[in-house]
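Structure file entry-v1.txt with compact mmCIF, C-alpha atoms:
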# COMPACT_ATOMS: atom_id res chain seq x y z
CA MET Y 1 -40.18 79.57 18.25
CA LYS Y 2 -36.60 79.73 17.10
CA GLU Y 3 -36.57 83.52 17.54
CA GLU Y 4 -37.90 83.21 21.10
CA SER Y 5 -35.18 80.66 21.90
CA THR Y 6 -32.53 83.03 20.52
CA LYS Y 7 -33.89 85.90 22.61
CA THR Y 8 -33.77 83.82 25.78
CA LYS Y 9 -30.23 82.73 25.01
CA ASN Y 10 -29.09 86.29 24.39
CA LYS Y 11 -30.71 87.51 27.60
CA TYR Y 12 -28.59 85.12 29.57
CA LEU Y 13 -25.56 86.11 27.51
CA MET Y 14 -26.01 89.68 28.78
CA ALA Y 15 -25.46 88.41 32.31
CA TRP Y 16 -22.23 86.80 31.17
CA TYR Y 17 -21.06 90.11 29.69
CA PHE Y 18 -21.09 91.70 33.13
CA LEU Y 19 -19.59 88.61 34.69
CA THR Y 20 -16.81 88.89 32.10
CA ILE Y 21 -16.04 92.43 33.27
CA ILE Y 22 -15.83 91.23 36.88
CA ILE Y 23 -13.59 88.30 35.92
CA PHE Y 24 -11.19 90.48 33.92
CA TYR Y 25 -11.04 93.00 36.75
CA GLY Y 26 -10.12 90.21 39.16
CA VAL Y 27 -7.43 88.94 36.78
CA PHE Y 28 -5.88 92.40 36.31
CA LYS Y 29 -6.15 93.37 39.98
CA PHE Y 30 -5.23 90.12 41.72
CA GLY Y 31 -4.04 87.63 39.09
CA PHE Y 32 -1.41 89.68 37.27
CA PRO Y 33 0.53 90.59 40.46
CA VAL Y 34 0.89 86.90 41.29
CA ILE Y 35 1.79 85.97 37.70
CA TRP Y 36 4.49 88.65 37.43
CA MET Y 37 5.81 87.71 40.87
CA LYS Y 38 6.30 84.14 39.65
CA ILE Y 39 7.80 85.20 36.31
CA MET Y 40 10.23 87.63 37.95
CA GLY Y 41 11.07 85.14 40.70
CA ARG Y 42 10.29 87.59 43.51
CA ASP Y 43 8.90 87.10 47.00
CA THR Y 44 6.59 90.13 46.87
CA LEU Y 45 3.62 90.93 44.64
CA LEU Y 46 4.07 93.32 41.70
CA PRO Y 47 0.76 95.24 41.58
CA THR Y 48 -0.70 96.34 38.24
CA PRO Y 49 -0.36 100.16 37.94
CA SER Y 50 -3.73 101.91 38.22
CA THR Y 51 -3.29 103.58 34.82
CA LEU Y 52 -2.86 100.20 33.13
CA MET Y 53 -5.85 98.88 35.08
CA ALA Y 54 -7.96 101.71 33.68
CA TRP Y 55 -6.81 101.08 30.10
CA TYR Y 56 -7.33 97.33 30.38
CA MET Y 57 -10.86 97.74 31.74
CA ILE Y 58 -11.72 100.33 29.09
CA MET Y 59 -10.63 97.89 26.38
CA VAL Y 60 -12.68 95.08 27.95
CA VAL Y 61 -15.81 97.27 28.10
CA VAL Y 62 -15.28 98.47 24.52
CA CYS Y 63 -14.88 94.91 23.24
CA ILE Y 64 -18.05 93.78 25.05
CA THR Y 65 -19.96 96.80 23.76
CA VAL Y 66 -18.84 96.07 20.20
CA TYR Y 67 -20.03 92.48 20.58
CA ILE Y 68 -23.41 93.61 21.91
CA THR Y 69 -23.93 95.91 18.92
CA THR Y 70 -23.19 93.27 16.29
CA SER Y 71 -26.91 92.62 15.78
CA ASP Y 72 -30.21 94.37 16.39
CA LEU Y 73 -31.49 91.37 18.31
CA LYS Y 74 -28.67 91.56 20.87
CA ILE Y 75 -29.24 95.27 21.32
CA LYS Y 76 -32.97 94.70 21.93
CA CYS Y 77 -32.21 91.92 24.41
CA PHE Y 78 -29.72 94.14 26.24
CA VAL Y 79 -32.21 97.01 26.46
CA SER Y 80 -34.92 94.63 27.64
CA LEU Y 81 -32.89 94.00 30.79
CA LEU Y 82 -33.32 97.66 31.78
CA VAL Y 83 -37.09 97.88 31.49
CA ASN Y 84 -39.87 96.10 33.31
CA ASN Y 85 -41.71 93.39 31.45
CA LYS Y 86 -44.03 90.50 32.17
CA SER Y 87 -41.18 87.99 32.24
CA ASN Y 88 -39.30 89.88 34.91
CA SER Y 89 -36.90 87.41 36.57
CA VAL Y 90 -34.59 87.53 39.58
CA LEU Y 91 -31.58 87.59 37.25
CA GLN Y 92 -32.99 90.57 35.34
CA SER Y 93 -33.68 92.40 38.60
CA ILE Y 94 -30.11 91.86 39.79
CA ILE Y 95 -28.62 93.00 36.48
CA ARG Y 96 -30.93 96.03 36.45
CA ILE Y 97 -29.76 97.04 39.95
CA VAL Y 98 -26.13 96.62 38.94
CA ILE Y 99 -26.51 98.72 35.79
CA LEU Y 100 -28.78 101.47 37.13
CA VAL Y 101 -27.58 101.75 40.74
CA ILE Y 102 -24.29 100.08 41.62
CA PHE Y 103 -22.39 100.93 38.43
CA PRO Y 104 -23.24 104.69 38.52
CA LEU Y 105 -22.36 104.82 42.23
CA TRP Y 106 -19.04 103.12 41.52
CA ILE Y 107 -18.25 105.55 38.69
CA GLY Y 108 -19.17 108.47 40.95
CA TRP Y 109 -16.98 107.18 43.77
CA MET Y 110 -14.01 106.64 41.43
CA THR Y 111 -14.43 110.16 40.03
CA PHE Y 112 -14.68 111.66 43.51
CA SER Y 113 -11.64 109.73 44.75
CA SER Y 114 -9.49 110.82 41.79
CA THR Y 115 -10.44 114.52 41.95
CA SER Y 116 -10.84 115.19 45.68
CA SER Y 117 -7.95 116.65 47.65
CA SER Y 118 -6.14 114.26 49.95
CA VAL Y 119 -3.81 114.58 52.90
CA ALA Y 120 -0.23 113.91 51.81
CA SER Y 121 2.95 113.71 53.84
CA PRO Y 122 4.93 116.96 53.80
CA THR Y 123 7.78 116.99 51.30
CA GLU Y 124 10.42 117.18 54.02
CA LEU Y 125 9.31 113.80 55.40
CA ARG Y 126 10.10 112.18 52.08
CA ILE Y 127 13.64 113.52 51.88
CA GLN Y 128 14.58 112.74 55.48
CA HIS Y 129 16.37 109.42 55.11
CA PRO Y 130 16.21 106.75 57.81
CA THR Y 131 19.43 105.82 59.54
CA LEU Y 132 21.68 103.63 57.42
CA PRO Y 133 21.95 100.12 58.93
CA GLN Y 134 25.36 99.51 60.48
CA LYS Y 135 26.35 96.69 58.13
CA PHE Y 136 26.12 99.08 55.18
CA GLU Y 137 28.13 101.91 56.79
CA SER Y 138 31.51 100.38 55.96
CA LEU Y 139 30.74 99.66 52.30
CA VAL Y 140 33.11 101.26 49.80
CA ASN Y 141 32.55 101.63 46.09
CA PRO Y 142 35.11 99.23 44.55
CA PHE Y 143 35.20 101.18 41.27
CA ARG Y 144 36.31 104.47 42.83
CA HIS Y 145 39.83 103.08 43.18
CA GLU Y 146 40.01 101.92 39.58
CA SER Y 147 41.51 103.85 36.67
CA GLU Y 148 39.47 106.64 35.12
CA GLU Y 149 38.84 104.49 32.05
CA LYS Y 150 37.41 101.63 34.12
CA GLN Y 151 35.28 104.08 36.09
CA LEU Y 152 33.81 105.47 32.88
CA ILE Y 153 33.05 101.93 31.66
CA ALA Y 154 31.33 101.14 34.98
CA ILE Y 155 29.28 104.34 34.72
CA GLU Y 156 28.15 103.55 31.18
CA GLU Y 157 27.17 100.02 32.20
CA GLY Y 158 25.32 101.46 35.19
CA LYS Y 159 23.44 103.93 33.00
CA ILE Y 160 22.29 101.09 30.76
CA LEU Y 161 21.13 99.03 33.75
CA PHE Y 162 19.34 102.10 35.14
CA GLN Y 163 17.47 102.69 31.88
CA GLN Y 164 16.55 99.01 31.55
CA ASN Y 165 15.28 98.51 35.09
CA CYS Y 166 14.71 101.85 36.84
CA ARG Y 167 13.42 104.12 34.06
CA PRO Y 168 9.73 103.03 34.28
CA CYS Y 169 9.45 104.63 37.72
CA HIS Y 170 12.40 107.02 38.07
CA GLY Y 171 12.38 108.33 34.49
CA SER Y 172 15.02 108.37 31.76
CA LYS Y 173 16.49 111.56 33.28
CA ALA Y 174 16.18 110.32 36.89
CA ASP Y 175 13.67 113.11 37.49
CA GLY Y 176 10.91 110.88 38.89
CA GLU Y 177 8.82 111.28 35.72
CA GLY Y 178 8.88 107.70 34.46
CA PRO Y 179 5.88 106.27 32.55
CA TRP Y 180 4.68 104.51 35.73
CA SER Y 181 5.34 107.42 38.09
CA ASN Y 182 1.76 108.73 38.08
CA THR Y 183 0.35 105.34 39.04
CA PHE Y 184 1.69 105.58 42.59
CA ARG Y 185 0.09 107.42 45.51
CA LEU Y 186 3.40 109.21 46.04
CA LYS Y 187 5.53 109.76 42.95
CA PRO Y 188 9.17 108.60 42.92
CA ALA Y 189 11.61 111.24 44.15
CA ASN Y 190 13.25 113.60 41.69
CA PHE Y 191 16.94 112.62 41.87
CA ARG Y 192 17.90 115.75 39.94
CA ASP Y 193 16.82 117.76 42.97
CA PRO Y 194 20.00 118.38 45.02
CA GLY Y 195 17.95 117.71 48.15
CA THR Y 196 17.51 114.00 47.38
CA ILE Y 197 20.39 111.66 46.49
CA GLY Y 198 22.82 114.59 46.55
CA THR Y 199 22.45 114.69 50.34
CA ILE Y 200 23.42 111.07 51.01
CA VAL Y 201 26.71 109.21 50.89
CA GLU Y 202 27.27 106.81 48.02
CA ASN Y 203 26.83 103.61 50.01
CA TYR Y 204 23.34 104.62 51.20
CA PRO Y 205 21.62 103.77 47.86
CA VAL Y 206 23.15 100.27 48.06
CA TRP Y 207 20.91 99.56 51.03
CA ARG Y 208 17.86 101.13 49.40
CA ILE Y 209 18.31 99.25 46.12
CA GLN Y 210 19.07 95.91 47.74
CA LYS Y 211 16.23 95.92 50.28
CA GLY Y 212 13.65 98.16 48.54
CA GLY Y 213 10.51 99.37 50.25
CA PRO Y 214 10.01 96.20 52.34
CA GLY Y 215 13.44 96.80 53.93
CA LEU Y 216 12.54 100.22 55.34
CA PRO Y 217 12.23 100.52 59.14
CA ASP Y 218 8.94 101.43 60.84
CA GLU Y 219 9.92 105.08 61.22
CA ALA Y 220 10.11 105.38 57.43
CA THR Y 221 6.42 104.57 56.86
CA PRO Y 222 5.58 108.10 55.62
CA TRP Y 223 7.63 107.25 52.54
CA ASP Y 224 5.20 104.58 51.35
CA SER Y 225 7.96 103.25 49.09
CA THR Y 226 6.78 100.69 46.53
CA MET Y 227 10.25 99.91 45.19
CA PRO Y 228 10.84 96.15 45.14
CA PRO Y 229 14.01 94.64 46.63
CA TRP Y 230 16.54 94.24 43.81
CA GLU Y 231 18.97 92.09 45.78
CA PRO Y 232 17.89 88.85 44.02
CA ASP Y 233 18.39 90.41 40.56
CA PHE Y 234 21.72 92.26 40.78
CA THR Y 235 25.14 91.52 42.15
CA GLU Y 236 26.72 94.07 44.47
CA ASP Y 237 29.03 95.23 41.68
CA GLN Y 238 26.04 95.80 39.39
CA ILE Y 239 24.32 97.83 42.09
CA TRP Y 240 27.41 100.02 42.48
CA LYS Y 241 27.41 100.56 38.72
CA ILE Y 242 23.71 101.48 38.76
CA ILE Y 243 24.37 104.01 41.54
CA MET Y 244 27.26 105.58 39.62
CA GLY Y 245 25.15 105.75 36.47
CA GLU Y 246 22.23 107.14 38.47
CA TYR Y 247 24.25 110.05 39.85
CA VAL Y 248 25.60 110.89 36.40
CA THR Y 249 22.12 110.66 34.85
CA ALA Y 250 20.71 112.94 37.54
CA ASP Y 251 23.67 115.32 37.16
CA VAL Y 252 24.37 115.41 40.90
CA SER Y 253 27.19 114.13 43.10
CA PRO Y 254 26.98 112.04 46.27
CA ARG Y 255 27.80 113.61 49.60
CA GLU Y 256 31.37 112.97 50.68
CA PRO Y 257 31.60 110.88 53.87
CA GLU Y 258 32.88 112.69 56.95
CA VAL Y 259 36.48 112.05 57.89
CA LEU Y 260 37.11 111.73 61.59
CA HIS Y 261 40.27 113.45 62.76
CA GLU Y 262 41.92 112.24 65.92
Go through the file and emit its structure as structure tokens.
Amino acid sequence: MKEESTKTKNKYLMAWYFLTIIIFYGVFKFGFPVIWMKIMGRDTLLPTPSTLMAWYMIMVVVCITVYITTSDLKIKCFVSLLVNNKSNSVLQSIIRIVILVIFPLWIGWMTFSSTSSSVASPTELRIQHPTLPQKFESLVNPFRHESEEKQLIAIEEGKILFQQNCRPCHGSKADGEGPWSNTFRLKPANFRDPGTIGTIVENYPVWRIQKGGPGLPDEATPWDSTMPPWEPDFTEDQIWKIIMGEYVTADVSPREPEVLHE
């Protein structure tokens, strides 16, 4: 009698195992972005990178599998959900469909989506920069008029800020190969390529850093920029320092602004 009660209890526990997977997926996919948005004090969600999502879900499945295999009775109860028996219930039928039909289809779809070729915007669309808003056109780097020593200090501070805040996406060498770069549909631009930040004047990145992807105009939609607006986190002087450190890290120079001659 006691053994039968334990079997019944474990059968229902199997349903909770799959419910646990669904709950954790919801937390990683929808909960974490809200949590990090609140912690960072931002107005936009910070989505969990797909690579981290995969690792988190793998760890959840492994932990559940380890728990299932802690006793022969649990293994037998788990297997019993996959085979027909006299005590076939609605719950067992649902779980059986999920395991034998929906889960394999989902794995197949994920595999197909990750390996199939997709239509991507041509490279030239990503390096064609939208028009700089007028209020940013008159900005001047305040550190360019300082002594060489102060400029070097500003650059070093900017390099530190870049590594602390920008490296995950843009990479330690500003080459677009940061640890999170492969989690985006379009990878961050390679700043070491002379065709990227080397083609724009120095005040242009101020706009891009301050406003991020949400600040791009409609004509810039092919970029699909996921960069958050950094305006709430950095002062204007800090942004100038980051830009100076960014150019030095990428080993390129900003384009000189045109001088109008009367």
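Between atom CA of Gly31 of chain Y and atom CA of Ile107 of chain Y the interatomic distance comes to 22.9 Å.
Here atom CA of Ile153 of chain Y stands at a distance of 28.8 Å from atom CA of Trp180 of chain Y.
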- Query: Which polymer residues have any atom within 9 Å of an atom of Phe143 of chain Y, counting all atoms listed in the file, with same-chain residues fewer than 4 positions away left out, as a PyMOL selection string?
  - Reply: chain Y and resi 147+150-151+154+237+240-241
- Task: Using all atoms listed in the file, find the one residue out of Y:Phe32, Y:Tyr247, Y:Tyr17, Y:Phe103 that sits nearest to Thr199 of chain Y.
- Result: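 Going through Y:Phe32, Y:Tyr247, Y:Tyr17, Y:Phe103 one by one, the smallest distance to Thr199 of chain Y is for Y:Tyr247.
Take atom CA of Lys29 of chain Y and atom CA of Gln210 of chain Y: the distance between them is 26.5 Å.
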- Shell around Ile64 of chain Y at 9 Å using only C-alpha atoms, local window under 6 positions removed, as JSON, numbers by chain: {"Y": [17, 18, 20, 21]}
